[in-house]
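Dumped my_file03.csv below, it's CSV, C-alpha atoms:
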```csv
chain,number,residue,atom,x,y,z
E,17,GLU,CA,186.9,42.1,108.2
E,18,ALA,CA,184.3,44.2,109.8
E,19,GLY,CA,185.1,45.6,113.3
E,20,VAL,CA,183.0,45.9,116.4
E,21,ALA,CA,180.0,48.2,115.8
E,22,GLN,CA,178.4,50.3,118.4
E,23,SER,CA,175.5,52.8,118.5
E,24,PRO,CA,174.7,55.4,119.2
E,25,ARG,CA,178.0,57.3,119.1
E,26,TYR,CA,176.8,60.1,121.3
E,27,LYS,CA,173.9,60.4,123.7
E,28,ILE,CA,172.8,63.3,126.0
E,29,ILE,CA,170.1,62.6,128.6
E,30,GLU,CA,168.8,64.1,131.9
E,31,LYS,CA,169.5,62.4,135.1
E,32,ARG,CA,166.9,59.8,136.1
E,33,GLN,CA,166.2,59.1,132.4
E,34,SER,CA,167.1,55.8,130.8
E,35,VAL,CA,169.5,54.9,127.9
E,36,ALA,CA,170.5,51.9,125.9
E,37,PHE,CA,173.6,51.1,123.9
E,38,TRP,CA,174.0,48.4,121.3
E,39,CYS,CA,177.0,46.4,120.2
E,40,ASN,CA,177.6,44.0,117.4
E,41,PRO,CA,180.9,42.1,117.9
E,42,ILE,CA,183.2,40.6,115.3
E,43,SER,CA,181.7,37.6,113.6
E,44,GLY,CA,182.8,34.4,115.4
E,45,HIS,CA,184.0,36.0,118.6
E,46,ALA,CA,182.5,34.1,121.5
E,47,THR,CA,183.4,36.7,124.2
E,48,LEU,CA,181.9,40.2,124.5
E,49,TYR,CA,182.9,42.8,127.0
E,50,TRP,CA,181.4,46.1,128.1
E,51,TYR,CA,183.8,48.6,129.6
E,52,GLN,CA,183.2,52.0,131.1
E,53,GLN,CA,185.8,54.7,130.5
E,54,ILE,CA,185.5,57.9,132.5
E,55,LEU,CA,187.4,60.9,131.2
E,56,GLY,CA,191.1,60.6,132.1
E,57,GLN,CA,190.8,57.0,133.3
E,58,GLY,CA,191.4,53.6,131.9
E,59,PRO,CA,188.6,51.3,130.8
E,60,LYS,CA,186.8,49.5,133.7
E,61,LEU,CA,185.2,46.2,133.0
E,62,LEU,CA,181.4,46.2,133.6
E,63,ILE,CA,180.4,42.8,132.3
E,64,GLN,CA,181.8,39.9,130.3
E,65,PHE,CA,179.8,37.4,128.3
E,66,GLN,CA,181.0,34.0,127.0
E,67,ASN,CA,178.5,33.3,124.2
E,68,ASN,CA,175.2,34.3,125.8
E,69,GLY,CA,176.2,33.6,129.4
E,70,VAL,CA,177.5,36.1,131.9
E,71,VAL,CA,181.0,35.1,133.2
E,72,ASP,CA,181.8,38.3,135.2
E,73,ASP,CA,179.6,41.2,136.2
E,74,SER,CA,181.2,41.9,139.6
E,75,GLN,CA,181.6,45.6,138.8
E,76,LEU,CA,178.3,46.2,137.2
E,77,PRO,CA,176.0,48.5,139.3
E,78,LYS,CA,173.1,46.1,139.1
E,79,ASP,CA,170.6,48.5,140.7
E,80,ARG,CA,170.7,50.6,137.6
E,81,PHE,CA,172.7,48.8,134.9
E,82,SER,CA,171.6,45.7,133.0
E,83,ALA,CA,173.0,43.9,129.9
E,84,GLU,CA,172.0,41.1,127.8
E,85,ARG,CA,173.5,39.2,124.8
E,86,LEU,CA,170.8,37.4,122.9
E,87,LYS,CA,171.7,34.4,120.8
E,88,GLY,CA,175.3,34.9,121.7
E,89,VAL,CA,175.8,37.7,119.1
E,90,ASP,CA,174.6,41.3,119.6
E,91,SER,CA,174.5,42.9,123.1
E,92,THR,CA,172.6,45.7,124.7
E,93,LEU,CA,173.7,47.7,127.8
E,94,LYS,CA,171.0,49.6,129.6
E,95,ILE,CA,171.1,52.3,132.3
E,96,GLN,CA,168.0,53.1,134.2
E,97,PRO,CA,167.8,55.5,135.9
E,98,ALA,CA,171.0,57.4,134.9
E,99,LYS,CA,173.1,59.4,137.4
E,100,LEU,CA,175.5,62.2,136.8
E,101,GLU,CA,178.4,60.0,137.5
E,102,ASP,CA,177.4,57.7,134.7
E,103,SER,CA,178.8,60.2,132.2
E,104,ALA,CA,181.5,58.2,130.4
E,105,VAL,CA,182.3,56.4,127.2
E,106,TYR,CA,180.9,52.9,127.0
E,107,LEU,CA,183.2,50.7,125.1
E,108,CYS,CA,182.2,47.3,123.7
E,109,ALA,CA,185.0,44.8,122.8
E,110,SER,CA,185.1,41.2,121.6
E,111,SER,CA,187.6,38.4,121.5
E,112,LEU,CA,187.7,34.8,120.3
E,113,ASP,CA,187.2,33.4,123.7
E,114,SER,CA,187.7,34.0,127.5
E,115,PHE,CA,190.2,31.2,128.1
E,116,ASN,CA,193.0,32.8,126.0
E,117,THR,CA,191.9,36.4,126.2
E,118,GLY,CA,194.6,37.5,123.8
E,119,GLU,CA,193.7,40.5,121.8
E,120,LEU,CA,190.5,42.4,122.4
E,121,PHE,CA,189.0,44.3,119.5
E,122,PHE,CA,187.2,47.5,120.6
E,123,GLY,CA,184.5,49.5,119.0
E,124,GLU,CA,184.7,53.3,118.9
E,125,GLY,CA,182.5,53.7,121.9
E,126,SER,CA,179.3,55.4,122.9
E,127,ARG,CA,179.8,58.7,124.7
E,128,LEU,CA,177.1,59.4,127.3
E,129,THR,CA,176.5,62.8,128.9
E,130,VAL,CA,174.1,62.9,131.9
E,131,LEU,CA,172.9,66.4,132.7
H,11,GLU,CA,193.4,43.1,144.3
H,12,ASP,CA,194.8,43.4,140.8
H,13,GLN,CA,196.3,46.8,140.1
H,14,VAL,CA,198.0,48.5,137.2
H,15,THR,CA,199.8,51.9,137.6
H,16,GLN,CA,201.2,53.8,134.7
H,17,SER,CA,203.6,56.7,134.7
H,18,PRO,CA,203.9,59.4,133.8
H,19,GLU,CA,200.3,60.5,133.4
H,20,ALA,CA,201.3,62.8,130.5
H,21,LEU,CA,204.5,63.2,128.5
H,22,ARG,CA,205.4,65.8,126.0
H,23,LEU,CA,208.3,65.1,123.6
H,24,GLN,CA,209.9,66.8,120.7
H,25,GLU,CA,210.0,64.9,117.4
H,26,GLY,CA,213.0,62.5,117.5
H,27,GLU,CA,213.3,62.7,121.3
H,28,SER,CA,213.3,59.1,122.6
H,29,SER,CA,211.7,58.2,126.0
H,30,SER,CA,210.0,55.4,127.9
H,31,LEU,CA,206.6,54.8,129.5
H,32,ASN,CA,206.3,52.7,132.6
H,33,CYS,CA,203.6,50.2,133.7
H,34,SER,CA,203.9,48.6,137.1
H,35,TYR,CA,201.5,45.9,138.2
H,36,THR,CA,200.3,43.8,141.1
H,37,VAL,CA,198.4,40.8,140.0
H,38,SER,CA,197.9,37.2,141.3
H,39,GLY,CA,198.8,34.9,138.5
H,40,LEU,CA,199.9,37.1,135.6
H,41,ARG,CA,198.7,35.5,132.3
H,42,GLY,CA,199.9,38.3,130.1
H,43,LEU,CA,200.6,42.0,129.8
H,44,PHE,CA,199.1,44.1,127.0
H,45,TRP,CA,199.8,47.5,125.5
H,46,TYR,CA,197.1,49.3,123.7
H,47,ARG,CA,197.1,52.7,121.9
H,48,GLN,CA,194.0,54.9,122.1
H,49,ASP,CA,193.4,57.9,119.8
H,50,PRO,CA,190.9,60.6,120.9
H,51,GLY,CA,187.3,59.5,120.2
H,52,LYS,CA,188.4,56.0,119.4
H,53,GLY,CA,188.5,52.6,121.1
H,54,PRO,CA,191.8,51.2,122.2
H,55,GLU,CA,193.9,49.4,119.6
H,56,PHE,CA,196.1,46.4,120.4
H,57,LEU,CA,199.8,46.8,120.1
H,58,PHE,CA,201.7,44.1,122.0
H,59,THR,CA,201.3,41.1,124.3
H,60,LEU,CA,204.1,40.0,126.7
H,61,TYR,CA,203.9,36.8,128.6
H,62,SER,CA,207.2,36.3,130.5
H,63,ALA,CA,209.9,38.3,132.2
H,64,GLY,CA,212.7,39.2,129.7
H,65,GLU,CA,210.4,39.1,126.7
H,66,GLU,CA,210.6,42.0,124.2
H,67,LYS,CA,208.3,42.9,121.3
H,68,GLU,CA,208.9,45.6,118.6
H,69,LYS,CA,206.7,47.4,116.2
H,70,GLU,CA,208.1,50.3,114.2
H,71,ARG,CA,209.4,52.9,116.7
H,72,LEU,CA,207.9,51.1,119.7
H,73,LYS,CA,209.5,48.4,121.8
H,74,ALA,CA,207.8,46.8,124.8
H,75,THR,CA,209.7,44.9,127.6
H,76,LEU,CA,208.6,43.0,130.6
H,77,THR,CA,210.1,42.3,134.0
H,78,LYS,CA,208.5,40.5,137.0
H,79,LYS,CA,207.0,43.7,138.3
H,80,GLU,CA,206.8,46.2,135.5
H,81,SER,CA,206.8,46.8,131.7
H,82,PHE,CA,208.3,49.6,129.7
H,83,LEU,CA,207.2,51.0,126.4
H,84,HIS,CA,210.2,52.5,124.7
H,85,ILE,CA,209.6,55.1,121.9
H,86,THR,CA,212.5,55.7,119.7
H,87,ALA,CA,212.7,58.9,117.6
H,88,PRO,CA,208.9,59.5,117.9
H,89,LYS,CA,206.9,61.3,115.2
H,90,PRO,CA,203.8,63.5,115.7
H,91,GLU,CA,201.6,60.6,114.6
H,92,ASP,CA,202.7,58.7,117.7
H,93,SER,CA,200.7,61.1,119.8
H,94,ALA,CA,198.0,59.1,121.6
H,95,THR,CA,197.2,57.6,125.0
H,96,TYR,CA,199.0,54.4,125.7
H,97,LEU,CA,197.2,51.9,127.9
H,98,CYS,CA,198.7,49.0,129.8
H,99,ALA,CA,196.6,46.1,130.8
H,100,VAL,CA,197.2,42.8,132.7
H,101,GLN,CA,195.5,39.6,132.0
H,102,ALA,CA,194.4,38.0,135.2
H,103,LEU,CA,192.2,35.2,136.4
H,104,GLY,CA,188.8,36.5,137.4
H,105,ASN,CA,186.7,35.2,140.3
H,106,THR,CA,184.7,33.1,138.0
H,107,GLY,CA,187.7,31.3,136.5
H,108,PHE,CA,187.6,33.2,133.3
H,109,GLN,CA,190.4,35.5,132.2
H,110,LYS,CA,189.9,39.3,132.2
H,111,LEU,CA,191.9,42.4,131.4
H,112,VAL,CA,192.6,45.1,134.1
H,113,PHE,CA,193.7,48.4,132.6
H,114,GLY,CA,195.8,51.2,133.9
H,115,THR,CA,194.9,54.9,133.6
H,116,GLY,CA,197.2,55.4,130.6
H,117,THR,CA,199.9,57.8,129.6
H,118,ARG,CA,199.0,60.7,127.3
H,119,LEU,CA,201.8,61.2,124.8
H,120,LEU,CA,202.1,64.4,122.8
H,121,VAL,CA,204.9,64.6,120.2
H,122,SER,CA,205.6,68.1,118.8
H,123,PRO,CA,207.1,68.6,115.4
```

Could you take the file, read its structure, and then write that structure out as structure tokens?
Amino acid sequence: EAGVAQSPRYKIIEKRQSVAFWCNPISGHATLYWYQQILGQGPKLLIQFQNNGVVDDSQLPKDRFSAERLKGVDSTLKIQPAKLEDSAVYLCASSLDSFNTGELFFGEGSRLTVL
Amino acid sequence: EDQVTQSPEALRLQEGESSSLNCSYTVSGLRGLFWYRQDPGKGPEFLFTLYSAGEEKEKERLKATLTKKESFLHITAPKPEDSATYLCAVQALGNTGFQKLVFGTGTRLLVSP
């Protein structure tokens, strides 16, 4: 079974530039999550999709972050403009559904460095 | 506000030296408690789910237990390959009525041969 795919693995940008991360979840998983993990901290939920609808984006900095999940499959997370404090690993995860969260399957993450 | 606190932040053990990691939580309406393992440069990998106080789960050298306020991850006779960051997460009901996971900051475990 293929796992959660993310790209790019690494990205270095200057502050005020924009960046986009892509995620392809496990086939058949209705729920997709984007987490931000700053070095030395645990993952923090940014946004949660159930199929192609947003069910929780309470911790997403909406003035600079946006995310979409087209057709309930792939998802893109965008940051524009980036700030120094956005340097982190962006983890995508998927699960069967949001009602019985159960086990989340994580991708390897996209490491962002903002200079 | 839902909170998860893990201790210690870091732990160094000799191979074969057993120990325990702690996860204490404050959550309204616990649906489940999860343990994940995270290797450097990788995403977290699921280990266990615990749902009720008194429940225990085992996998190789790891055993997870749950009380009403905390969970322990016991590591018996660890090996160097057990070195990783161990993350605890609680499953809570979000504001929108959907379940979500809230993670702690993790315990970095280093097992020396």

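Remark: for chain E, the closest of the candidate residues H:Thr86, H:Thr77, H:Ser38, H:Gln48 is H:Gln48 (distances computed over only C-alpha atoms).
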
Please check the contacts: residues of chain E at most 9 Å away from chain H, using all atoms listed in the file, listed as a PyMOL selection string. chain E and resi 56-61+64+71-72+74+107-109+114-125+127

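The nearest approach to Leu86 (chain E) among the residues E:Leu128, E:Val70, E:Ala104, E:Ala21, with only C-alpha atoms taken into account, belongs to E:Val70.
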
May I ask which of the residues E:Val35, E:Leu100, E:Val89, E:Ile42 is the closest one to Phe65 (chain E), counting only C-alpha atoms? E:Val89

Would you compute the distance between CA of Lys79 (chain H) and CA of Gln75 (chain E)? Give it in Å to one decimal. 25.5 Å

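Proximity of H:Leu76, H:Ile85, H:Ala94, H:Leu119 to Glu27 (chain H), computed with all atoms listed in the file, is greatest for H:Ile85.
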